[in-house]
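*Asks:* One file is attached below, start.cif, containing mmCIF, C-alpha atoms and all ligand atoms.
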data_work
loop_
_atom_site.label_atom_id
_atom_site.label_comp_id
_atom_site.auth_asym_id
_atom_site.auth_seq_id
_atom_site.Cartn_x
_atom_site.Cartn_y
_atom_site.Cartn_z
CA MET A 1 79.61 103.45 77.88
CA ASP A 2 79.55 101.78 81.29
CA LYS A 3 77.45 98.65 80.85
CA ASN A 4 76.21 98.72 84.44
CA SER A 5 74.66 102.16 83.91
CA PHE A 6 72.86 100.82 80.89
CA TYR A 7 71.36 97.86 82.76
CA GLN A 8 70.48 100.13 85.70
CA LEU A 9 68.60 102.40 83.32
CA LEU A 10 66.58 99.46 82.01
CA LYS A 11 65.74 98.30 85.52
CA ALA A 12 64.91 101.74 86.90
CA ARG A 13 62.58 102.80 84.08
CA ARG A 14 58.90 102.56 84.83
CA SER A 15 55.70 103.93 83.41
CA ILE A 16 54.76 107.30 84.88
CA ARG A 17 51.10 108.30 85.10
CA LYS A 18 51.26 111.57 87.08
CA TYR A 19 53.26 114.58 85.93
CA LYS A 20 54.31 117.98 87.21
CA SER A 21 52.87 120.97 85.38
CA ASP A 22 56.38 122.11 84.28
CA PRO A 23 56.53 122.35 80.51
CA VAL A 24 59.02 120.18 78.62
CA PRO A 25 61.32 122.36 76.49
CA ARG A 26 60.93 121.77 72.78
CA GLU A 27 64.63 120.93 72.35
CA VAL A 28 64.25 118.14 74.91
CA VAL A 29 61.30 116.68 72.99
CA GLU A 30 63.40 116.94 69.84
CA ARG A 31 66.20 114.95 71.51
CA LEU A 32 63.70 112.24 72.47
CA LEU A 33 62.52 112.01 68.89
CA GLU A 34 66.09 111.89 67.61
CA ALA A 35 66.74 109.00 70.00
CA ALA A 36 63.57 107.29 68.81
CA MET A 37 64.72 107.56 65.21
CA GLU A 38 68.06 105.90 66.01
CA ALA A 39 66.11 102.64 66.26
CA PRO A 40 66.63 99.79 63.82
CA SER A 41 63.84 99.17 61.33
CA GLY A 42 62.99 96.51 58.76
CA LYS A 43 64.90 97.21 55.51
CA ASN A 44 65.91 100.49 57.21
CA ARG A 45 62.60 101.97 56.03
CA GLN A 46 62.41 104.19 59.15
CA ASN A 47 58.70 103.89 58.66
CA TRP A 48 57.67 105.88 61.74
CA LYS A 49 55.57 109.00 61.95
CA PHE A 50 55.30 110.91 65.21
CA ILE A 51 52.71 113.56 65.96
CA VAL A 52 53.57 115.82 68.91
CA VAL A 53 50.55 117.35 70.62
CA THR A 54 50.82 120.07 73.29
CA GLY A 55 48.81 123.03 74.60
CA GLU A 56 45.15 123.45 73.72
CA LYS A 57 45.14 120.53 71.28
CA ARG A 58 46.43 118.31 74.10
CA ASP A 59 43.56 119.47 76.33
CA GLN A 60 41.07 118.71 73.56
CA TYR A 61 42.42 115.17 73.29
CA LEU A 62 41.25 114.34 76.81
CA GLN A 63 37.71 113.71 75.55
CA TYR A 64 39.02 110.78 73.48
CA SER A 65 41.02 109.41 76.36
CA GLN A 66 37.87 109.54 78.48
CA LYS A 67 35.91 107.68 75.80
CA ALA A 68 38.64 105.03 75.66
CA TRP A 69 38.23 104.58 79.41
CA GLU A 70 34.52 103.87 78.93
CA LYS A 71 35.48 101.07 76.54
CA LEU A 72 38.19 99.58 78.76
CA LYS A 73 36.85 100.05 82.26
CA ASP A 74 34.95 96.75 82.54
CA ILE A 75 38.02 94.69 81.61
CA LEU A 76 40.18 96.73 84.00
CA LYS A 77 37.66 96.39 86.84
CA VAL A 78 38.37 92.66 86.84
CA ARG A 79 42.15 92.97 86.39
CA LEU A 80 43.04 95.78 88.80
CA LYS A 81 42.84 96.23 92.57
CA PRO A 82 40.21 98.89 93.48
CA SER A 83 42.84 101.54 94.38
CA LEU A 84 44.72 100.96 91.12
CA TYR A 85 41.44 100.98 89.20
CA ASP A 86 40.59 104.44 90.61
CA PHE A 87 44.10 105.71 89.86
CA THR A 88 43.91 104.41 86.29
CA GLU A 89 40.50 106.06 85.81
CA ARG A 90 42.00 109.39 86.89
CA PHE A 91 44.92 108.80 84.54
CA PHE A 92 42.60 108.27 81.58
CA TYR A 93 40.59 111.38 82.51
CA THR A 94 43.59 113.69 82.89
CA LEU A 95 46.50 111.79 81.28
CA GLY A 96 48.24 112.63 84.54
CA GLN A 97 48.49 116.29 83.38
CA ALA A 98 51.18 115.22 80.88
CA PRO A 99 52.13 118.35 78.94
CA VAL A 100 53.32 116.43 75.86
CA LEU A 101 51.59 113.66 73.93
CA ILE A 102 53.34 111.84 71.12
CA PHE A 103 51.17 109.72 68.84
CA CYS A 104 53.15 107.01 67.06
CA TYR A 105 52.18 105.67 63.66
CA ALA A 106 53.59 103.01 61.37
CA VAL A 107 53.65 103.44 57.61
CA LYS A 108 53.00 99.96 56.26
CA SER A 109 54.12 98.89 52.79
CA PRO A 110 53.19 96.15 50.32
CA GLU A 111 56.95 95.32 50.29
CA GLU A 112 57.01 94.55 54.00
CA LYS A 113 55.10 92.29 56.37
CA ASP A 114 52.82 94.44 58.52
CA LEU A 115 54.31 92.92 61.67
CA THR A 116 57.77 94.06 60.61
CA SER A 117 56.52 97.58 59.88
CA ILE A 118 54.75 97.73 63.23
CA GLY A 119 57.62 96.14 65.16
CA SER A 120 60.06 98.67 63.74
CA VAL A 121 58.03 101.54 65.15
CA TYR A 122 57.82 99.87 68.56
CA MET A 123 61.64 99.66 68.58
CA ALA A 124 61.58 103.46 68.22
CA VAL A 125 58.95 103.76 70.96
CA GLU A 126 61.22 101.87 73.37
CA ASN A 127 64.11 104.23 72.52
CA LEU A 128 61.74 107.11 73.25
CA ASN A 129 60.85 105.58 76.65
CA LEU A 130 64.50 105.12 77.60
CA ALA A 131 65.57 108.55 76.39
CA ALA A 132 62.74 110.14 78.40
CA PHE A 133 63.97 108.35 81.50
CA ALA A 134 67.58 109.40 80.86
CA GLU A 135 66.38 113.04 80.56
CA GLY A 136 64.71 112.87 83.99
CA LEU A 137 61.30 112.75 82.34
CA GLY A 138 58.59 110.15 82.78
CA CYS A 139 56.41 108.61 80.15
CA CYS A 140 53.70 106.04 79.63
CA THR A 141 53.11 104.17 76.38
CA MET A 142 49.36 103.74 75.83
CA GLY A 143 47.53 101.40 73.52
CA ALA A 144 44.25 102.89 74.73
CA PRO A 145 43.83 105.30 71.76
CA LEU A 146 43.32 102.24 69.56
CA GLU A 147 39.88 101.94 71.18
CA MET A 148 38.97 105.17 69.38
CA LYS A 149 41.25 104.83 66.36
CA GLU A 150 38.93 106.37 63.76
CA ASP A 151 38.12 109.37 65.97
CA VAL A 152 41.76 109.89 66.89
CA ASN A 153 42.87 109.78 63.24
CA GLN A 154 40.27 112.47 62.43
CA PHE A 155 41.25 114.55 65.46
CA LEU A 156 44.93 114.52 64.46
CA GLY A 157 44.11 115.30 60.85
CA VAL A 158 45.95 112.28 59.43
CA THR A 159 42.89 111.34 57.39
CA ASP A 160 44.10 113.98 54.88
CA TRP A 161 47.51 112.35 54.51
CA LYS A 162 48.22 110.36 51.36
CA GLU A 163 49.60 107.41 53.39
CA PHE A 164 46.31 107.26 55.29
CA GLN A 165 44.24 107.40 52.13
CA SER A 166 46.26 104.50 50.68
CA GLN A 167 45.59 102.57 53.93
CA GLN A 168 49.27 102.43 54.85
CA LEU A 169 49.13 104.55 58.00
CA GLU A 170 48.42 102.69 61.23
CA LEU A 171 48.08 104.27 64.67
CA LEU A 172 50.05 102.18 67.18
CA CYS A 173 50.17 104.06 70.45
CA LEU A 174 50.36 107.29 72.37
CA VAL A 175 53.28 108.18 74.64
CA THR A 176 52.44 110.65 77.43
CA ILE A 177 55.48 112.67 78.54
CA GLY A 178 56.30 115.06 81.38
CA TYR A 179 58.35 115.50 84.54
CA PRO A 180 57.34 112.77 87.03
CA ASP A 181 55.16 113.69 89.98
CA HIS A 182 55.13 110.23 91.59
CA GLN A 183 57.49 107.33 92.12
CA PRO A 184 55.52 104.18 91.43
CA PRO A 185 56.93 100.85 92.57
CA LYS A 186 58.55 98.71 89.90
CA ALA A 187 55.98 96.52 88.19
CA PRO A 188 57.12 92.94 88.93
CA ARG A 189 58.78 90.97 86.16
CA GLN A 190 58.30 87.27 85.52
CA THR A 191 60.85 85.28 83.60
CA GLU A 192 59.35 81.83 84.04
CA GLY A 193 58.35 80.15 80.78
CA ARG A 194 59.41 83.16 78.70
CA VAL A 195 62.66 81.78 77.32
CA THR A 196 63.43 78.49 75.60
CA TRP A 197 67.00 77.43 74.89
CA LEU A 198 67.54 74.72 72.32
C1 LIG N 1 52.05 98.53 73.84
C2 LIG N 1 51.75 99.03 75.21
C3 LIG N 1 50.48 99.53 75.50
C4 LIG N 1 50.21 100.04 76.78
N1 LIG N 1 48.98 100.61 77.03
C5 LIG N 1 48.74 101.21 78.20
C6 LIG N 1 47.53 101.92 78.42
O1 LIG N 1 46.68 102.02 77.54
N2 LIG N 1 47.32 102.51 79.63
C7 LIG N 1 48.27 102.43 80.63
O2 LIG N 1 48.03 103.00 81.71
N3 LIG N 1 49.45 101.77 80.45
C8 LIG N 1 49.71 101.17 79.26
N4 LIG N 1 50.92 100.53 79.04
C9 LIG N 1 51.95 100.51 80.11
C10 LIG N 1 52.01 99.14 80.77
O3 LIG N 1 50.89 98.98 81.61
C11 LIG N 1 53.33 99.03 81.56
O4 LIG N 1 54.41 99.13 80.67
C12 LIG N 1 53.43 97.70 82.31
O5 LIG N 1 52.45 97.60 83.29
C13 LIG N 1 54.80 97.51 82.96
O6 LIG N 1 55.07 98.60 83.82
P1 LIG N 1 56.38 99.52 83.64
O7 LIG N 1 56.28 100.18 82.30
O8 LIG N 1 56.30 100.50 84.77
O9 LIG N 1 57.58 98.63 83.73
C14 LIG N 1 51.21 100.01 77.79
C15 LIG N 1 52.48 99.50 77.49
C16 LIG N 1 52.75 99.02 76.22
C17 LIG N 1 54.14 98.51 75.91
#
Let me see the file written as structure tokens.
Ligand SMILES: Cc1cc2nc3c(=O)[nH]c(=O)nc-3n(C[C@H](O)[C@H](O)[C@H](O)COP(=O)(O)O)c2cc1C

*Replies:*
Amino acid sequence: MDKNSFYQLLKARRSIRKYKSDPVPREVVERLLEAAMEAPSGKNRQNWKFIVVTGEKRDQYLQYSQKAWEKLKDILKVRLKPSLYDFTERFFYTLGQAPVLIFCYAVKSPEEKDLTSIGSVYMAVENLNLAAFAEGLGCCTMGAPLEMKEDVNQFLGVTDWKEFQSQQLELLCLVTIGYPDHQPPKAPRQTEGRVTWL
């Protein structure tokens, strides 16, 4: 692989929060998930669970996203410029019309530190982000569902799963996916104070 293309991909990727109504073919979503599951994981446990939500169920989820906004809006009011605040509110209300939602869970284990279990799944989430970009899709990873974790677990039906009942299943994030309908500027990166060489 050409290394420049790889670095260009990393630099060009950005979170997308407005999508075209075009559906994403199932085989494309399957490729994204395959890419996600190429990720490394602690002890190679591959301890991820993905729940793909589309169609009517996706529409029903919006009520939870809207509730999450109610919990986050005061913090965001202080952090965001007014125009970005309004845009973000719309995003939470509509999820940018994303046709595909992928909820990402970690299966924790008594044999593994929770941080390792959780980190492994986030490695897969990054693969998912990059694969979406390579496919000409856009996506946005969202921690917002954690504001409504209990409700979301019920809504997705994971409360019936044995891993949930043994308290091993942990919701980490939602990834919204669809064909991009905007070209946001690159969010600036800061490197200062992030790296120490000894
Ligand atoms: C763990 C995690 C949680 C995030 N949660 C949200 C979220 O709830 N809502 C949102 O709009 N963006 C969310 N983001 C996206 C970030 O805001 C975004 O990645 C960051 O601003 C950098 O922009 P970029 O992805 O375009 O480079 C999240 C990203 C990560 C990695």

*Asks:* Considering all atoms listed in the file, state which residue in the set A:Lys57, A:Arg79, A:Lys108, A:Lys11 is at the smallest distance from ligand LIG 1 (chain N).

*Replies:*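 For ligand LIG 1 (chain N), the nearest of the given residues is A:Lys11.
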
*Asks:* Taking (35.1, 115.0, 70.1) as a centre in this file's frame and 10 Å as the limit, can you find every polymer residue with an atom that close, using only C-alpha atoms, and give them as a list in words?

*Replies:*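 In the file's frame, the residues around the point are Gln60, Tyr61, Leu62, Gln63, Tyr64, Lys67, Asp151, Val152, Gln154 and Phe155 of chain A.
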
*Asks:* 6 Å from ligand LIG 1 (chain N) is the threshold here; counting all atoms listed in the file, which polymer residues fall inside it? Answer as a PyMOL selection string.

*Replies:* chain A and resi 14-15+140-144+186-187

*Asks:* Any idea what the distance is between atom CA of Val28 of chain A and atom CA of Ala132 of chain A?

*Replies:* 8.9 Å

*Asks:* If you count all atoms listed in the file, which residues fall within 12 Å of Lys71 of chain A, apart from same-chain ones fewer than 6 positions away, as a short mmCIF file (atom, residue, chain, number, x, y, z; two decimals) with C-alpha atoms, keeping the file's coordinate frame?

*Replies:*
data_model
loop_
_atom_site.label_atom_id
_atom_site.label_comp_id
_atom_site.auth_asym_id
_atom_site.auth_seq_id
_atom_site.Cartn_x
_atom_site.Cartn_y
_atom_site.Cartn_z
CA TYR A 64 39.02 110.78 73.48
CA SER A 65 41.02 109.41 76.36
CA LYS A 77 37.66 96.39 86.84
CA GLU A 89 40.50 106.06 85.81
CA PHE A 92 42.60 108.27 81.58
CA ALA A 144 44.25 102.89 74.73
CA PRO A 145 43.83 105.30 71.76
CA LEU A 146 43.32 102.24 69.56
CA GLU A 147 39.88 101.94 71.18
CA MET A 148 38.97 105.17 69.38
#

*Asks:* Excluding segment 172-176 of chain A and any residue of its chain fewer than 6 positions from it, enumerate the residues within 10 Å of it, using all atoms listed in the file, and give them as a compact mmCIF listing (two decimals) with C-alpha atoms, in the coordinates of the input.

*Replies:*
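Saved as result25.txt:
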# COMPACT_ATOMS: atom_id res chain seq x y z
CA SER A 15 55.70 103.93 83.41
CA ILE A 16 54.76 107.30 84.88
CA ARG A 17 51.10 108.30 85.10
CA LYS A 18 51.26 111.57 87.08
CA TYR A 19 53.26 114.58 85.93
CA PHE A 50 55.30 110.91 65.21
CA ILE A 51 52.71 113.56 65.96
CA VAL A 52 53.57 115.82 68.91
CA VAL A 53 50.55 117.35 70.62
CA LEU A 95 46.50 111.79 81.28
CA GLY A 96 48.24 112.63 84.54
CA GLN A 97 48.49 116.29 83.38
CA ALA A 98 51.18 115.22 80.88
CA PRO A 99 52.13 118.35 78.94
CA VAL A 100 53.32 116.43 75.86
CA LEU A 101 51.59 113.66 73.93
CA ILE A 102 53.34 111.84 71.12
CA PHE A 103 51.17 109.72 68.84
CA CYS A 104 53.15 107.01 67.06
CA TYR A 105 52.18 105.67 63.66
CA ALA A 106 53.59 103.01 61.37
CA ILE A 118 54.75 97.73 63.23
CA GLY A 119 57.62 96.14 65.16
CA VAL A 121 58.03 101.54 65.15
CA TYR A 122 57.82 99.87 68.56
CA VAL A 125 58.95 103.76 70.96
CA LEU A 128 61.74 107.11 73.25
CA ASN A 129 60.85 105.58 76.65
CA GLY A 138 58.59 110.15 82.78
CA CYS A 139 56.41 108.61 80.15
CA CYS A 140 53.70 106.04 79.63
CA THR A 141 53.11 104.17 76.38
CA MET A 142 49.36 103.74 75.83
CA GLY A 143 47.53 101.40 73.52
CA ALA A 144 44.25 102.89 74.73
CA PRO A 145 43.83 105.30 71.76
CA LEU A 146 43.32 102.24 69.56
CA LYS A 149 41.25 104.83 66.36

*Asks:* What's the separation between atom CA of Leu171 of chain A and atom CA of Ala68 of chain A, in Å to one decimal place?

*Replies:*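 A separation of 14.5 Å between them.
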
*Asks:* Within 12 Å of (47.2, 105.7, 54.1), all atoms listed in the file: residues as an MDAnalysis selection string?

*Replies:* chainID A and resid 49 105:110 153 158:171

*Asks:* One number please: atom CA of Val29 of chain A to atom CA of Trp69 of chain A, in Å, one decimal.

*Replies:*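 Interatomic distance here is 26.8 Å.
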
*Asks:* Around segment 150-168 of chain A, fit a box with edges along x, y and z, padding it by 8 Å on each side, then list its centre and edge lengths in Å to one decimal as AutoDock Vina command-line options.

*Replies:*
--center_x 43.9 --center_y 108.9 --center_z 58.8 --size_x 27.5 --size_y 28.9 --size_z 32.2

*Asks:* Would you list the contacts of Asn127 of chain A as a PyMOL selection string, taking every protein, DNA or RNA residue within 10 Å and counting all atoms listed in the file, but skipping same-chain residues closer than 6 positions in sequence?

*Replies:* chain A and resi 32-39+121+133

*Asks:* When distances are computed from all atoms listed in the file, which of A:Asn47, A:Asn4, A:Thr88, A:Ser83 shows the smallest separation from Glu70 of chain A?

*Replies:*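 Smallest separation from Glu70 of chain A among the options: A:Thr88.
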
*Asks:* Residues within 8 Å of Tyr179 of chain A, please, as a PyMOL selection string. Count only C-alpha atoms; anything in the same chain fewer than 5 positions from it doesn't count.

*Replies:* chain A and resi 19-22+24+136-138

*Asks:* Save segment 15-87 of chain A to a file: C-alpha atoms, as a PDB file, in the first residue's frame.

*Replies:*
ATOM      1  CA  SER A  15     -16.951  13.535  11.487  1.00  0.00           C
ATOM      2  CA  ILE A  16     -20.030  13.919   9.297  1.00  0.00           C
ATOM      3  CA  ARG A  17     -23.285  15.119  10.843  1.00  0.00           C
ATOM      4  CA  LYS A  18     -25.535  15.558   7.768  1.00  0.00           C
ATOM      5  CA  TYR A  19     -26.311  12.727   5.373  1.00  0.00           C
ATOM      6  CA  LYS A  20     -28.028  12.178   2.042  1.00  0.00           C
ATOM      7  CA  SER A  21     -31.182  10.081   2.120  1.00  0.00           C
ATOM      8  CA  ASP A  22     -29.564   7.406  -0.130  1.00  0.00           C
ATOM      9  CA  PRO A  23     -29.622   4.051   1.609  1.00  0.00           C
ATOM     10  CA  VAL A  24     -26.335   2.295   2.350  1.00  0.00           C
ATOM     11  CA  PRO A  25     -26.304  -1.177   0.770  1.00  0.00           C
ATOM     12  CA  ARG A  26     -26.151  -3.984   3.297  1.00  0.00           C
ATOM     13  CA  GLU A  27     -22.975  -5.433   1.743  1.00  0.00           C
ATOM     14  CA  VAL A  28     -21.231  -2.089   2.291  1.00  0.00           C
ATOM     15  CA  VAL A  29     -22.225  -2.084   5.970  1.00  0.00           C
ATOM     16  CA  GLU A  30     -20.953  -5.657   6.175  1.00  0.00           C
ATOM     17  CA  ARG A  31     -17.584  -4.560   4.761  1.00  0.00           C
ATOM     18  CA  LEU A  32     -17.360  -1.815   7.393  1.00  0.00           C
ATOM     19  CA  LEU A  33     -18.015  -4.334  10.131  1.00  0.00           C
ATOM     20  CA  GLU A  34     -15.450  -6.733   8.685  1.00  0.00           C
ATOM     21  CA  ALA A  35     -12.924  -3.891   8.736  1.00  0.00           C
ATOM     22  CA  ALA A  36     -13.891  -3.087  12.325  1.00  0.00           C
ATOM     23  CA  MET A  37     -13.290  -6.681  13.336  1.00  0.00           C
ATOM     24  CA  GLU A  38      -9.765  -6.651  11.849  1.00  0.00           C
ATOM     25  CA  ALA A  39      -8.777  -4.522  14.840  1.00  0.00           C
ATOM     26  CA  PRO A  40      -6.366  -5.757  17.484  1.00  0.00           C
ATOM     27  CA  SER A  41      -7.855  -6.610  20.868  1.00  0.00           C
ATOM     28  CA  GLY A  42      -6.533  -7.502  24.309  1.00  0.00           C
ATOM     29  CA  LYS A  43      -5.704 -11.248  24.421  1.00  0.00           C
ATOM     30  CA  ASN A  44      -7.366 -11.376  20.981  1.00  0.00           C
ATOM     31  CA  ARG A  45     -10.727 -11.668  22.748  1.00  0.00           C
ATOM     32  CA  GLN A  46     -12.460  -9.755  19.921  1.00  0.00           C
ATOM     33  CA  ASN A  47     -14.817  -8.662  22.631  1.00  0.00           C
ATOM     34  CA  TRP A  48     -16.968  -6.373  20.478  1.00  0.00           C
ATOM     35  CA  LYS A  49     -20.673  -6.543  19.803  1.00  0.00           C
ATOM     36  CA  PHE A  50     -22.233  -4.362  17.134  1.00  0.00           C
ATOM     37  CA  ILE A  51     -25.941  -3.708  16.762  1.00  0.00           C
ATOM     38  CA  VAL A  52     -26.968  -2.343  13.360  1.00  0.00           C
ATOM     39  CA  VAL A  53     -30.169  -0.309  13.408  1.00  0.00           C
ATOM     40  CA  THR A  54     -31.947   0.880  10.240  1.00  0.00           C
ATOM     41  CA  GLY A  55     -35.472   1.674   9.036  1.00  0.00           C
ATOM     42  CA  GLU A  56     -38.308   2.147  11.493  1.00  0.00           C
ATOM     43  CA  LYS A  57     -36.215   1.144  14.505  1.00  0.00           C
ATOM     44  CA  ARG A  58     -33.730   3.864  13.549  1.00  0.00           C
ATOM     45  CA  ASP A  59     -36.558   6.417  13.452  1.00  0.00           C
ATOM     46  CA  GLN A  60     -37.735   5.278  16.882  1.00  0.00           C
ATOM     47  CA  TYR A  61     -34.246   5.821  18.290  1.00  0.00           C
ATOM     48  CA  LEU A  62     -34.464   9.568  17.656  1.00  0.00           C
ATOM     49  CA  GLN A  63     -36.474  10.052  20.857  1.00  0.00           C
ATOM     50  CA  TYR A  64     -33.453   8.864  22.872  1.00  0.00           C
ATOM     51  CA  SER A  65     -31.081  11.069  20.944  1.00  0.00           C
ATOM     52  CA  GLN A  66     -33.362  14.011  21.690  1.00  0.00           C
ATOM     53  CA  LYS A  67     -33.380  13.138  25.393  1.00  0.00           C
ATOM     54  CA  ALA A  68     -29.577  12.956  25.357  1.00  0.00           C
ATOM     55  CA  TRP A  69     -29.547  16.475  23.912  1.00  0.00           C
ATOM     56  CA  GLU A  70     -31.601  17.715  26.861  1.00  0.00           C
ATOM     57  CA  LYS A  71     -28.918  16.334  29.182  1.00  0.00           C
ATOM     58  CA  LEU A  72     -25.971  17.754  27.237  1.00  0.00           C
ATOM     59  CA  LYS A  73     -27.241  21.066  25.950  1.00  0.00           C
ATOM     60  CA  ASP A  74     -26.183  23.220  28.914  1.00  0.00           C
ATOM     61  CA  ILE A  75     -22.575  22.025  28.737  1.00  0.00           C
ATOM     62  CA  LEU A  76     -22.540  22.498  24.955  1.00  0.00           C
ATOM     63  CA  LYS A  77     -24.042  25.994  25.215  1.00  0.00           C
ATOM     64  CA  VAL A  78     -20.868  27.087  26.988  1.00  0.00           C
ATOM     65  CA  ARG A  79     -18.466  25.163  24.719  1.00  0.00           C
ATOM     66  CA  LEU A  80     -19.876  25.857  21.247  1.00  0.00           C
ATOM     67  CA  LYS A  81     -20.340  28.990  19.137  1.00  0.00           C
ATOM     68  CA  PRO A  82     -24.081  29.782  18.692  1.00  0.00           C
ATOM     69  CA  SER A  83     -24.162  28.595  15.043  1.00  0.00           C
ATOM     70  CA  LEU A  84     -22.442  25.326  15.942  1.00  0.00           C
ATOM     71  CA  TYR A  85     -24.725  24.911  18.949  1.00  0.00           C
ATOM     72  CA  ASP A  86     -27.808  25.174  16.683  1.00  0.00           C
ATOM     73  CA  PHE A  87     -26.284  22.753  14.170  1.00  0.00           C
TER      74      PHE A  87
END
